[in-house]
Each structure stands twice: as C-alpha cells, then as structure tokens.
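Chemist: So here's upload_1.cif, just mmCIF, C-alpha atoms:
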```
data_run
loop_
_atom_site.label_atom_id
_atom_site.label_comp_id
_atom_site.auth_asym_id
_atom_site.auth_seq_id
_atom_site.Cartn_x
_atom_site.Cartn_y
_atom_site.Cartn_z
CA MET A 30 1.36 -23.21 -4.92
CA ASN A 31 3.89 -20.53 -5.70
CA ALA A 32 1.51 -17.77 -4.61
CA PHE A 33 0.54 -19.73 -1.49
CA ALA A 34 4.22 -20.07 -0.50
CA ALA A 35 4.91 -16.41 -1.30
CA ILE A 36 2.02 -15.11 0.84
CA LEU A 37 2.69 -17.52 3.72
CA GLY A 38 6.42 -16.71 3.67
CA LYS A 39 5.66 -12.98 3.63
CA ASP A 40 3.29 -13.26 6.60
CA LEU A 41 5.64 -15.36 8.73
CA ARG A 42 8.60 -13.12 7.91
CA ALA A 43 6.62 -10.00 8.87
CA GLU A 44 5.41 -11.60 12.12
CA LEU A 45 8.92 -12.72 13.06
CA ARG A 46 10.16 -9.20 12.42
CA THR A 47 7.41 -7.27 14.19
CA LEU A 48 5.97 -9.79 16.71
CA GLN A 49 2.57 -8.12 16.47
CA SER A 50 0.32 -11.14 17.09
CA LEU A 51 2.08 -14.06 18.76
CA PRO A 52 3.38 -12.38 21.94
CA ALA A 53 -0.06 -10.89 22.61
CA MET A 54 -1.79 -14.25 22.08
CA THR A 55 0.67 -16.09 24.31
CA LEU A 56 0.66 -13.50 27.06
CA PHE A 57 -3.13 -13.47 27.06
CA ALA A 58 -3.28 -17.27 27.42
CA VAL A 59 -0.72 -17.49 30.22
CA THR A 60 -2.29 -14.57 32.09
CA THR A 61 -5.72 -16.18 31.81
CA PHE A 62 -4.36 -19.42 33.28
CA VAL A 63 -2.95 -17.45 36.20
CA ILE A 64 -6.36 -15.82 36.74
CA PHE A 65 -8.09 -19.23 36.61
CA ARG A 66 -5.47 -20.61 39.01
CA PHE A 67 -6.28 -18.02 41.66
CA GLY A 68 -9.93 -17.46 40.68
CA LEU A 69 -10.81 -21.13 41.07
CA ASP A 70 -8.33 -21.53 43.92
CA ARG A 71 -7.39 -24.97 42.61
CA THR A 72 -3.93 -26.42 42.03
CA SER A 73 -5.27 -29.27 39.96
CA LEU A 74 -7.98 -29.56 37.32
CA SER A 75 -9.30 -32.62 35.52
CA GLY A 76 -12.02 -33.79 33.14
CA SER A 77 -14.54 -31.35 31.75
CA LEU A 78 -13.37 -28.41 33.89
CA ALA A 79 -9.76 -28.79 32.72
CA SER A 80 -10.89 -29.19 29.13
CA GLY A 81 -13.16 -26.14 29.34
CA VAL A 82 -10.50 -23.92 30.90
CA LEU A 83 -7.92 -24.97 28.28
CA TRP A 84 -10.09 -24.51 25.18
CA THR A 85 -11.84 -21.33 26.30
CA THR A 86 -8.46 -19.73 26.91
CA LEU A 87 -7.00 -20.93 23.60
CA LEU A 88 -10.08 -19.73 21.70
CA PHE A 89 -9.98 -16.19 23.09
CA ALA A 90 -6.21 -16.01 22.57
CA ALA A 91 -6.76 -17.11 18.96
CA VAL A 92 -9.29 -14.30 18.43
CA LEU A 93 -6.50 -11.78 19.06
CA GLY A 94 -4.52 -13.21 16.13
CA ILE A 95 -7.58 -13.62 13.91
CA ASN A 96 -8.42 -9.92 14.39
CA ARG A 97 -5.07 -8.91 12.90
CA LEU A 98 -4.86 -11.52 10.15
CA PHE A 99 -5.74 -9.24 7.21
CA VAL A 100 -4.75 -5.86 8.64
CA ALA A 101 -1.59 -5.60 6.51
CA GLU A 102 -3.53 -6.53 3.35
CA ARG A 103 -6.13 -3.88 4.15
CA GLU A 104 -3.79 -1.07 5.21
CA GLU A 105 -0.88 -1.70 2.85
CA GLY A 106 -2.75 -2.61 -0.33
CA GLY A 107 -2.20 -6.36 -0.28
CA PHE A 108 -5.76 -7.05 -1.42
CA ASP A 109 -5.24 -4.97 -4.58
CA ALA A 110 -1.90 -6.66 -5.27
CA ILE A 111 -3.51 -10.10 -5.03
CA ARG A 112 -6.43 -9.04 -7.23
CA LEU A 113 -4.07 -7.73 -9.92
CA ALA A 114 -1.86 -10.82 -9.98
CA PRO A 115 -2.49 -13.83 -12.25
CA ILE A 116 -3.11 -16.20 -9.35
CA ASP A 117 -5.95 -18.19 -7.87
CA ARG A 118 -7.25 -15.89 -5.12
CA THR A 119 -7.97 -18.83 -2.86
CA ALA A 120 -4.17 -18.99 -2.44
CA LEU A 121 -4.64 -16.00 -0.11
CA PHE A 122 -7.26 -17.89 1.92
CA ALA A 123 -5.07 -21.00 2.14
CA ALA A 124 -1.93 -19.02 3.03
CA LYS A 125 -3.69 -16.97 5.73
CA ALA A 126 -5.23 -20.12 7.23
CA ALA A 127 -1.81 -21.81 7.19
CA ALA A 128 -0.22 -18.78 8.88
CA LEU A 129 -2.92 -18.90 11.55
CA VAL A 130 -2.31 -22.63 12.13
CA VAL A 131 1.40 -21.84 12.64
CA TYR A 132 0.51 -19.07 15.13
CA LEU A 133 -1.85 -21.42 17.00
CA LEU A 134 0.74 -24.21 17.18
CA VAL A 135 3.33 -21.80 18.59
CA LEU A 136 0.73 -20.45 21.03
CA GLU A 137 -0.18 -23.97 22.16
CA ALA A 138 3.45 -25.03 22.51
CA ILE A 139 3.79 -22.38 25.22
CA ALA A 140 0.24 -22.19 26.61
CA VAL A 141 -0.25 -25.94 27.07
CA VAL A 142 3.03 -26.20 28.98
CA ALA A 143 1.84 -23.35 31.20
CA PHE A 144 -1.54 -25.08 31.60
CA ALA A 145 0.17 -28.34 32.59
CA PHE A 146 2.38 -26.44 35.05
CA PHE A 147 -0.58 -24.74 36.75
CA PHE A 148 -3.21 -27.49 36.66
CA LEU A 149 -2.06 -30.99 35.68
CA ASP A 150 -0.61 -33.71 37.88
CA SER A 151 1.01 -35.53 34.96
CA ALA A 152 1.90 -34.81 31.36
CA ALA A 153 0.50 -38.13 30.07
CA ALA A 154 -2.47 -36.39 28.37
CA LEU A 155 -0.32 -34.08 26.29
CA PRO A 156 0.73 -36.41 23.39
CA PRO A 157 -2.84 -37.48 22.45
CA LEU A 158 -4.00 -33.89 23.02
CA LEU A 159 -1.78 -32.90 20.09
CA ALA A 160 -4.11 -34.67 17.61
CA VAL A 161 -7.11 -32.79 19.03
CA MET A 162 -5.24 -29.51 18.79
CA LEU A 163 -4.15 -30.06 15.20
CA LEU A 164 -7.71 -30.74 14.05
CA ALA A 165 -9.19 -27.93 16.16
CA ASP A 166 -6.53 -25.49 14.90
CA LEU A 167 -7.41 -26.29 11.30
CA GLY A 168 -11.11 -25.62 11.90
CA LEU A 169 -10.39 -22.44 13.84
CA ALA A 170 -8.03 -21.29 11.08
CA PHE A 171 -10.55 -21.88 8.27
CA ALA A 172 -13.46 -20.24 10.11
CA GLY A 173 -11.25 -17.46 11.52
CA THR A 174 -9.73 -16.62 8.12
CA LEU A 175 -13.16 -16.44 6.52
CA ILE A 176 -14.62 -14.16 9.20
CA SER A 177 -11.50 -12.02 9.44
CA SER A 178 -11.51 -11.37 5.68
CA MET A 179 -15.14 -10.19 5.92
CA ALA A 180 -14.62 -8.07 9.03
CA VAL A 181 -11.38 -6.38 8.01
CA ASN A 182 -13.11 -3.74 5.88
CA SER A 183 -15.30 -2.68 8.77
CA ARG A 184 -14.33 -0.03 11.28
CA ALA A 185 -15.86 -2.29 13.93
CA ARG A 186 -13.44 -5.11 13.03
CA ASP A 187 -12.37 -5.79 16.60
CA LEU A 188 -16.01 -6.18 17.59
CA LEU A 189 -17.23 -8.08 14.53
CA VAL A 190 -14.72 -10.94 14.65
CA PRO A 191 -15.69 -12.23 18.10
CA LEU A 192 -19.39 -11.51 17.55
CA VAL A 193 -19.56 -13.51 14.32
CA LEU A 194 -16.84 -16.06 14.92
CA LEU A 195 -17.73 -17.27 18.42
CA PRO A 196 -21.19 -18.64 17.53
CA LEU A 197 -19.70 -20.32 14.44
CA VAL A 198 -17.05 -22.17 16.44
CA VAL A 199 -19.45 -23.54 19.08
CA PRO A 200 -19.58 -26.98 17.35
CA LEU A 201 -15.79 -26.96 17.09
CA MET A 202 -15.43 -26.16 20.79
CA ILE A 203 -17.96 -28.84 21.78
CA ALA A 204 -15.95 -31.43 19.81
CA ALA A 205 -12.55 -30.21 21.06
CA THR A 206 -13.63 -30.17 24.70
CA GLY A 207 -15.43 -33.50 24.24
CA ALA A 208 -12.27 -35.10 22.84
CA SER A 209 -10.05 -33.52 25.51
CA GLU A 210 -12.22 -34.33 28.53
CA PRO A 211 -11.32 -38.07 28.81
CA LEU A 212 -7.68 -37.27 28.03
CA LEU A 213 -7.55 -34.91 31.00
CA ALA A 214 -9.48 -37.20 33.38
CA ALA A 215 -8.18 -37.67 36.91
CA GLY A 216 -6.10 -40.84 37.12
CA GLY A 217 -4.73 -40.67 33.58
CA PRO A 218 -5.97 -40.30 30.02
CA GLY A 219 -8.95 -42.26 28.72
CA TYR A 220 -10.20 -42.60 25.15
CA GLU A 221 -13.96 -42.77 25.53
CA ARG A 222 -15.61 -41.49 22.29
CA PHE A 223 -12.23 -40.00 21.39
CA GLY A 224 -12.46 -41.20 17.77
CA THR A 225 -16.01 -39.85 17.39
CA TRP A 226 -15.01 -36.38 18.52
CA LEU A 227 -11.97 -36.40 16.23
CA ALA A 228 -14.29 -37.31 13.33
CA VAL A 229 -16.57 -34.36 14.25
CA LEU A 230 -13.54 -32.06 14.25
CA ALA A 231 -12.40 -33.39 10.87
CA LEU A 232 -15.91 -32.87 9.46
CA TYR A 233 -15.95 -29.28 10.74
CA ASP A 234 -12.54 -28.70 9.10
CA LEU A 235 -13.81 -30.12 5.82
CA ILE A 236 -16.98 -27.99 5.83
CA PHE A 237 -15.21 -24.70 6.60
CA GLY A 238 -12.28 -25.51 4.30
CA LEU A 239 -14.67 -26.08 1.39
CA LEU A 240 -16.80 -23.06 2.36
CA GLY A 241 -13.73 -20.82 2.37
CA TYR A 242 -12.57 -22.21 -0.96
CA ALA A 243 -16.02 -21.63 -2.48
CA VAL A 244 -16.73 -18.08 -1.28
CA PHE A 245 -13.36 -16.41 -0.74
CA ASP A 246 -13.05 -15.21 -4.33
CA PHE A 247 -16.36 -13.32 -3.98
CA LEU A 248 -15.27 -11.75 -0.70
CA LEU A 249 -12.36 -10.06 -2.47
CA GLU A 250 -14.63 -8.29 -4.96
CA ASP A 251 -15.39 -4.61 -4.39
CA MET B 3 -4.67 0.82 -34.84
CA THR B 4 -5.47 -1.87 -32.29
CA LYS B 5 -7.72 -0.60 -29.53
CA ALA B 6 -6.24 -1.03 -26.06
CA ILE B 7 -9.21 0.50 -24.22
CA GLU B 8 -12.79 1.05 -25.36
CA VAL B 9 -15.18 2.75 -22.95
CA ASN B 10 -18.77 3.59 -23.84
CA GLY B 11 -21.44 5.08 -21.56
CA LEU B 12 -19.50 4.18 -18.42
CA ARG B 13 -21.26 4.96 -15.17
CA ARG B 14 -20.20 4.41 -11.60
CA GLU B 15 -22.38 5.40 -8.70
CA TYR B 16 -21.67 5.59 -4.99
CA GLY B 17 -25.15 5.49 -3.52
CA GLU B 18 -27.08 8.42 -5.00
CA ARG B 19 -23.99 10.19 -6.33
CA ALA B 20 -22.64 9.51 -9.82
CA ALA B 21 -18.83 9.58 -9.79
CA LEU B 22 -18.75 8.82 -13.52
CA ASP B 23 -21.69 9.55 -15.81
CA TRP B 24 -21.69 8.39 -19.45
CA VAL B 25 -17.93 8.53 -19.90
CA GLY B 26 -16.68 7.32 -23.25
CA PHE B 27 -13.33 7.16 -25.07
CA GLU B 28 -11.09 4.88 -27.08
CA LEU B 29 -7.35 4.54 -26.68
CA GLY B 30 -5.11 2.85 -29.21
CA ALA B 31 -2.26 0.51 -28.29
CA GLY B 32 0.91 2.47 -27.55
CA GLN B 33 -0.99 5.71 -26.88
CA SER B 34 -1.13 7.84 -23.75
CA LEU B 35 -4.34 9.17 -22.24
CA VAL B 36 -4.07 11.91 -19.62
CA VAL B 37 -7.02 12.25 -17.25
CA LEU B 38 -7.56 15.67 -15.70
CA GLY B 39 -10.15 16.97 -13.30
CA PRO B 40 -10.73 18.52 -9.89
CA ASN B 41 -10.82 16.53 -6.67
CA GLY B 42 -13.80 14.19 -6.54
CA ALA B 43 -14.27 14.13 -10.32
CA GLY B 44 -13.88 10.34 -10.48
CA LYS B 45 -10.34 10.09 -11.87
CA THR B 46 -9.22 7.39 -9.43
CA THR B 47 -12.57 5.63 -9.82
CA LEU B 48 -12.02 5.45 -13.59
CA LEU B 49 -8.51 4.08 -13.12
CA ARG B 50 -9.67 1.44 -10.63
CA ILE B 51 -12.43 0.31 -12.99
CA LEU B 52 -9.90 -0.07 -15.82
CA ALA B 53 -7.62 -1.99 -13.42
CA THR B 54 -10.51 -4.40 -12.62
CA LEU B 55 -10.41 -3.31 -8.97
CA LEU B 56 -13.86 -1.74 -9.10
CA ARG B 57 -17.02 -2.81 -10.93
CA PRO B 58 -18.75 -0.31 -13.20
CA SER B 59 -22.41 0.45 -12.42
CA GLY B 60 -23.21 0.51 -16.13
CA GLY B 61 -21.85 0.97 -19.64
CA GLU B 62 -19.38 -0.99 -21.71
CA VAL B 63 -15.69 -1.30 -20.90
CA ARG B 64 -13.18 -3.33 -22.90
CA VAL B 65 -9.53 -3.40 -21.85
CA LEU B 66 -6.92 -5.23 -23.96
CA GLY B 67 -9.74 -7.05 -25.72
CA CYS B 68 -11.43 -8.22 -22.50
CA THR B 69 -14.93 -7.12 -21.50
CA LEU B 70 -15.23 -5.89 -17.91
CA PRO B 71 -16.20 -7.08 -15.44
CA SER B 72 -17.03 -10.52 -16.89
CA GLU B 73 -13.55 -11.18 -18.33
CA ALA B 74 -11.56 -9.35 -15.65
CA TRP B 75 -9.71 -12.56 -14.76
CA LYS B 76 -8.11 -12.58 -18.23
CA LEU B 77 -6.44 -9.24 -17.49
CA ARG B 78 -4.65 -10.31 -14.33
CA GLY B 79 -0.93 -9.89 -14.76
CA ARG B 80 -1.30 -7.73 -17.90
CA ILE B 81 -1.81 -4.40 -16.12
CA GLY B 82 0.68 -2.30 -14.19
CA TYR B 83 -1.23 -0.28 -11.60
CA LEU B 84 0.25 2.59 -9.64
CA GLY B 85 -2.32 3.96 -7.22
CA HIS B 86 -2.32 6.26 -4.20
CA GLU B 87 -1.10 3.33 -2.09
CA PRO B 88 2.29 1.90 -3.10
CA LEU B 89 1.09 -1.71 -2.51
CA LEU B 90 4.23 -2.39 -0.49
CA TYR B 91 4.40 -4.03 2.92
CA ARG B 92 5.96 -1.68 5.45
CA ASP B 93 7.64 -4.45 7.46
CA LEU B 94 9.44 -5.97 4.48
CA THR B 95 12.41 -4.43 2.71
CA GLY B 96 12.08 -3.00 -0.77
CA ARG B 97 13.85 -6.00 -2.29
CA GLU B 98 11.67 -8.45 -0.32
CA ASN B 99 8.56 -6.64 -1.53
CA LEU B 100 9.69 -6.88 -5.15
CA ARG B 101 10.53 -10.58 -4.72
CA PHE B 102 7.04 -11.13 -3.29
CA HIS B 103 5.38 -9.42 -6.24
CA ALA B 104 7.65 -11.25 -8.69
CA ARG B 105 6.49 -14.58 -7.24
CA LEU B 106 2.84 -13.51 -7.48
CA HIS B 107 3.45 -12.86 -11.17
CA GLY B 108 5.26 -16.15 -11.71
CA ILE B 109 8.74 -14.65 -12.06
CA ARG B 110 11.20 -16.75 -10.08
CA GLY B 111 14.83 -17.52 -9.43
CA GLU B 112 17.60 -15.83 -11.38
CA ARG B 113 15.17 -14.19 -13.76
CA ALA B 114 13.45 -12.48 -10.85
CA GLU B 115 16.71 -11.39 -9.22
CA ALA B 116 18.02 -10.01 -12.52
CA ARG B 117 14.79 -8.09 -13.19
CA ILE B 118 14.67 -6.72 -9.63
CA GLY B 119 18.31 -5.65 -9.79
CA GLU B 120 17.75 -3.95 -13.12
CA LEU B 121 14.70 -2.04 -11.86
CA LEU B 122 16.30 -0.99 -8.57
CA ALA B 123 19.25 0.39 -10.52
CA ALA B 124 16.95 2.20 -12.95
CA ALA B 125 15.03 3.76 -10.04
CA GLY B 126 18.19 4.73 -8.14
CA MET B 127 17.22 2.48 -5.23
CA GLU B 128 20.10 -0.02 -5.15
CA LEU B 129 21.60 1.35 -1.93
CA ARG B 130 18.29 1.55 -0.03
CA ALA B 131 16.69 -1.67 -1.33
CA ASP B 132 17.48 -3.69 1.80
CA GLU B 133 15.90 -1.25 4.24
CA ARG B 134 12.38 -1.77 5.53
CA VAL B 135 9.81 0.20 3.57
CA ALA B 136 8.60 1.76 6.84
CA GLU B 137 11.99 3.46 7.15
CA LEU B 138 11.96 4.97 3.66
CA SER B 139 10.77 8.44 2.69
CA ALA B 140 7.58 8.88 0.66
CA GLY B 141 9.65 9.60 -2.46
CA MET B 142 11.69 6.41 -2.02
CA ARG B 143 8.48 4.41 -1.56
CA GLN B 144 7.11 5.90 -4.77
CA ARG B 145 10.24 4.82 -6.64
CA LEU B 146 9.80 1.29 -5.29
CA ALA B 147 6.11 1.36 -6.20
CA ILE B 148 7.08 2.26 -9.77
CA CYS B 149 9.47 -0.72 -9.82
CA ARG B 150 6.63 -2.90 -8.51
CA CYS B 151 4.26 -1.55 -11.16
CA VAL B 152 6.49 -2.48 -14.14
CA LEU B 153 8.14 -5.59 -12.63
CA HIS B 154 6.08 -8.01 -14.73
CA GLU B 155 6.40 -5.95 -17.93
CA PRO B 156 2.68 -5.14 -18.25
CA GLU B 157 0.98 -4.29 -21.54
CA LEU B 158 -1.01 -1.42 -20.01
CA LEU B 159 0.09 1.11 -17.39
CA LEU B 160 -2.55 2.76 -15.18
CA LEU B 161 -0.85 5.55 -13.26
CA ASP B 162 -2.47 7.69 -10.57
CA GLU B 163 -0.33 10.76 -9.88
CA PRO B 164 2.90 8.92 -10.76
CA ASP B 165 5.10 11.92 -9.94
CA SER B 166 3.74 12.43 -6.44
CA ASN B 167 6.46 12.74 -3.78
CA LEU B 168 9.22 12.49 -6.42
CA ASP B 169 12.00 15.07 -6.67
CA ALA B 170 13.31 16.24 -10.04
CA GLY B 171 15.85 13.39 -10.21
CA GLY B 172 13.21 10.87 -9.27
CA ARG B 173 10.86 12.18 -11.96
CA GLU B 174 13.53 11.73 -14.61
CA LEU B 175 14.27 8.18 -13.47
CA ALA B 176 10.55 7.40 -13.35
CA ARG B 177 10.10 8.70 -16.88
CA ALA B 178 12.44 6.03 -18.20
CA LEU B 179 10.34 3.32 -16.53
CA ILE B 180 6.78 4.56 -16.99
CA GLY B 181 7.05 7.46 -19.43
CA PRO B 182 5.71 7.43 -22.99
CA GLY B 183 7.46 5.51 -25.73
CA ALA B 184 8.62 1.91 -26.16
CA GLY B 185 5.08 1.03 -27.25
CA ARG B 186 3.66 1.59 -23.77
CA THR B 187 -0.07 2.14 -23.49
CA ARG B 188 -0.70 4.48 -20.58
CA VAL B 189 -3.55 6.10 -18.71
CA VAL B 190 -2.19 8.83 -16.46
CA VAL B 191 -4.24 10.62 -13.84
CA THR B 192 -2.64 13.89 -12.86
CA HIS B 193 -3.11 17.31 -11.29
CA ASP B 194 -0.07 18.59 -13.16
CA PRO B 195 -1.20 19.21 -16.77
CA GLU B 196 1.94 21.17 -17.66
CA ARG B 197 4.10 18.10 -17.23
CA ALA B 198 1.63 15.53 -18.52
CA LEU B 199 0.07 17.18 -21.57
CA PRO B 200 3.12 17.13 -23.87
CA ASP B 201 3.09 13.32 -23.64
CA ALA B 202 -0.66 12.95 -24.17
CA ASP B 203 -2.25 11.55 -27.31
CA LEU B 204 -5.66 12.12 -25.75
CA VAL B 205 -6.91 14.17 -22.83
CA LEU B 206 -10.00 13.28 -20.83
CA ARG B 207 -11.37 16.07 -18.66
CA LEU B 208 -13.68 14.88 -15.92
CA GLY B 209 -16.04 17.27 -14.14
CA VAL B 210 -17.42 17.04 -10.63
CA ASP B 211 -20.83 16.18 -12.14
CA GLY B 212 -19.29 12.93 -13.46
CA ARG B 213 -19.39 14.12 -17.09
CA ALA B 214 -16.36 13.88 -19.36
CA GLU B 215 -14.90 15.76 -22.33
CA LEU B 216 -12.39 14.17 -24.68
CA GLU B 217 -9.80 16.26 -26.52
CA PRO B 218 -6.76 15.49 -28.63
CA GLY B 219 -3.70 15.72 -26.39
CA ARG B 220 -0.92 17.45 -28.27
CA ALA B 221 -3.32 19.98 -29.73
CA VAL B 222 -4.42 20.92 -26.24
CA ALA B 223 -0.81 21.38 -25.17
CA ALA B 224 -0.10 23.53 -28.19
#
```
Can the structure from this file be put into structure tokens for me?
Modeler:
Amino acid sequence: MNAFAAILGKDLRAELRTLQSLPAMTLFAVTTFVIFRFGLDRTSLSGSLASGVLWTTLLFAAVLGINRLFVAEREEGGFDAIRLAPIDRTALFAAKAAALVVYLLVLEAIAVVAFAFFFLDSAAALPPLLAVMLLADLGLAFAGTLISSMAVNSRARDLLVPLVLLPLVVPLMIAATGASEPLLAAGGPGYERFGTWLAVLALYDLIFGLLGYAVFDFLLED
Amino acid sequence: MTKAIEVNGLRREYGERAALDWVGFELGAGQSLVVLGPNGAGKTTLLRILATLLRPSGGEVRVLGCTLPSEAWKLRGRIGYLGHEPLLYRDLTGRENLRFHARLHGIRGERAEARIGELLAAAGMELRADERVAELSAGMRQRLAICRCVLHEPELLLLDEPDSNLDAGGRELARALIGPGAGRTRVVVTHDPERALPDADLVLRLGVDGRAELEPGRAVAA
C-alpha cells in the first residue's frame, strides 16, 4: 500500500507540474466534439448516435494518456528502481491504473460538460452516466496499463498502443455504449438493460484487473 | 570469510554475441572488486546481472547467499545500484525523489527525513535539494544518485562509473558515501584504474571476447 501510494503520488505530482497528458486529452476531446458538431451538422444528438460519439471520443482521448503512462519509468529509470525495491511489483500496475482513472475522471468532467453543451437538450442523463463512466474507466485503465507497459519498450510505442488496445476494448465499448444509449434517449433517460450492461462492464473490469495482477510481474522482467 | 558474491561459468548472450563468456570470481564480504575493460566488454552487463536487473544466459551466480535468478526477490532492498541512469525523475525535486525512494524501501516519516537530510548534507546538496532534477547539472544529479543508492543502507554496492560527471570536491564527498571501508562490499566498474585500483581487493579484467581475468587488486596497483 505504501509503494502504491508513493507511485501514485509521484505520478500525480509530476502531471500537475508538467501537464503533459491531461491538457492534450481534454483538448482532443473538445476539438473532436466541435468537429462532430459541424461534421454532422446537428445541434442535438440522442440514443445510439449520442452514445457512440461520446464514447468514441473519450476512448481516443484516453489513448493519448495511455501512450505516455510509462514513459517516465522507461526514460528515467523508474522500472529499475521498482525492480530493486522490496515491494510487490503489482503496486506499479495498480498505481498506474489508478493514475489513469484519475486522468479519465478529470477528462470526463470537462469533456462531458462540453458534450452536453454541444449536443444534449437536458442534463438529466449525466448523473446515471457517472456510474457507466466509473466502470468503463476502470476497465480502460486496467487494459490500457497492461498494454502500455508492454508497448513502452518498443520504438513503435505510439503505434502499438492503439493497434493492440483498440481490439481489446471492443467489448468494453459495446457495454459502455449499450448502457449509455437509453440514458441519452430523446425525451429523457431510460434504464432498459442498464443493469445488464453495468454487469458486463464490471465483469470486464474484473477480468482485466486479475489479468494485470497475474502477468504484470513477468512483464517487468528483462 | 563470508562470501558476498560467487560467480562460476557466467555467460550472457545477446543474440549470437557473447557479452560474458565463462566469467568466474568470488568476493568476500567487505571487499572491493574493481571491474576493468574496454567499451563493450560486458562490464555493465555483469553489474546488471548481479543487481538482478538482467538474467544470466548460463552459469551459477550467488549474491549475498541468494541464487540468481531464482531467488532474486530475496535480494530486493539489499543492493545499492548506481548505473548510467541516475534513476531520478526529472520533474521532481531531489528531495522529492529521495522521499519517493525512501517510501519504496519502507523508510517513512521522521526516520526518512533525518536520513535524507543527512545524505544531502554529506553530498553537499542541501542548498539545491528543492530544485527539479531537470534543472540540475550532470554532476549534481550524480551526487543525488549516490544519495539514492545508499539511502536504504544496502549490504552490497554495485557502482557503474561512480565518479562520472563529478568534480574533485564531488569525488571526495562521494568517497565518504560509497568508498571502501565501513564493511562495505563493493563492485566498481570503472575506466579510471588509477583512482580505483588502490581501493581494490580484486580486479576483474573483461575482454571484448567476453572472457575474464581475475587478479589480486593491491598487487596490481603496486
């Protein structure tokens, strides 16, 4: 727990100081909404289209942060420091995933407001959408941390993360858009199969959380 | 004398090329081994294997009573490693970096602050400790890296060019922290035999063919 807190605190402090990931993620999301706004030439979106636009944008914005997640460890020797310390190495996995969840929550706090401003007639869908986002963020963080740790040693890191991650998060995106679609329906939020989709998201989180816990130690070996 | 390191028939290959080929030596507790050799002779490879950061391709390696690589986990926290990279995060200050490493090694609270203060004073870094590492000169970073290396009072020091980037004053300060004496067991990789040999109990000369020759240290200096 001590190592987890130390690594998470270090990452958040460095991000606050340098703002290397969050501004890029947020700017990407807001700019994409503007492009959708004029590309679709619609002032209002609902149902599956609204859900698709929201989650596609959030996913690609998240990839920007996932790409950079382990860069400091790779370039400044953090991997060696962790491997030399008397700690459970999965603390690094947990701390990086937690840092990514924090980034995603901050991103969504801004991006969802922008989305509502551009496309929604009412903000009634936003409170229940929070539960979907929390579960989807966890899954994205677990899968993203795992893939980022594998890709960081490659010179083609920027290419590898989207190529490997995007197919892996297809089930997560299906569940997140499925849960969000009735919430964003025209005429106010509905809850059709909402619980089922949340259960699928939770299952995805569990699978990738356990997978990361099981294999991360091996990924740090030379 | 208790054996701190026992190496027999050590090999490490990178593809077809053997960086280390049948290297063998024993080092007693409290002794210093100086490793010499031209560029590409495998000096850093040897040090990284002893630090558990690299797996040997073959041979037997025992460090502080632990067989590598199977018992590498038992060595975590017992080795002080000073490599080419300082293992310091550029966007944190020197003091923040040392606090981070102290937490990784389970040193917390007042004990950590006292130890960090003591080391910063010993390295002549008190006045620059609250500046970001990115803003420090290479020599200052090396002083901080030395503090980081001995922060947890390791039983074995593995030092790769410990004097690099240090001025004469810095070298003297570093000697107090990582020099011979006080029962320290040390393996020192260097390109500066004139400075290192007087402190050596043993000298290991590595050749570009991966072969090694072992000689008594002080006799060589004489």
Chemist: Near chain A, which residues of chain B fall within 10 Å when you count all atoms listed in the file, and what do they look like as a PyMOL selection string?
Modeler: chain B and resi 50+53-57+74-83+85-94+98-99+101-110+150-151+154
Chemist: For a test of reading the model, state the distance in Å between CA of Phe237 (chain A) and CA of Leu194 (chain A), rounded to one decimal.
Modeler: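 Calculated distance between CA of Phe237 (chain A) and CA of Leu194 (chain A) is 12.1 Å.
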Chemist: To verify the selection step, state as a ChimeraX atom specification which residues the PyMOL selection byres ((chain A and resi 153) around 9) yields on this input.
Modeler: /A:151-152,154-157,212-213,217-218
Chemist: Decode the PyMOL selection byres ((chain A and resi 190) around 7) for the given file into explicit residues and return them as a compact mmCIF listing (two decimals) with C-alpha atoms, in the frame of the given file.
Modeler:
```txt
# COMPACT_ATOMS: atom_id res chain seq x y z
CA ASN A 96 -8.42 -9.92 14.39
CA ILE A 176 -14.62 -14.16 9.20
CA SER A 177 -11.50 -12.02 9.44
CA ALA A 180 -14.62 -8.07 9.03
CA ARG A 186 -13.44 -5.11 13.03
CA ASP A 187 -12.37 -5.79 16.60
CA LEU A 188 -16.01 -6.18 17.59
CA LEU A 189 -17.23 -8.08 14.53
CA PRO A 191 -15.69 -12.23 18.10
CA LEU A 192 -19.39 -11.51 17.55
CA VAL A 193 -19.56 -13.51 14.32
CA LEU A 194 -16.84 -16.06 14.92
```
Chemist: To one decimal place, how far is CA of Val190 (chain B) from CA of Leu159 (chain B) in Å?
Modeler: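 Calculated distance between CA of Val190 (chain B) and CA of Leu159 (chain B) is 8.1 Å.
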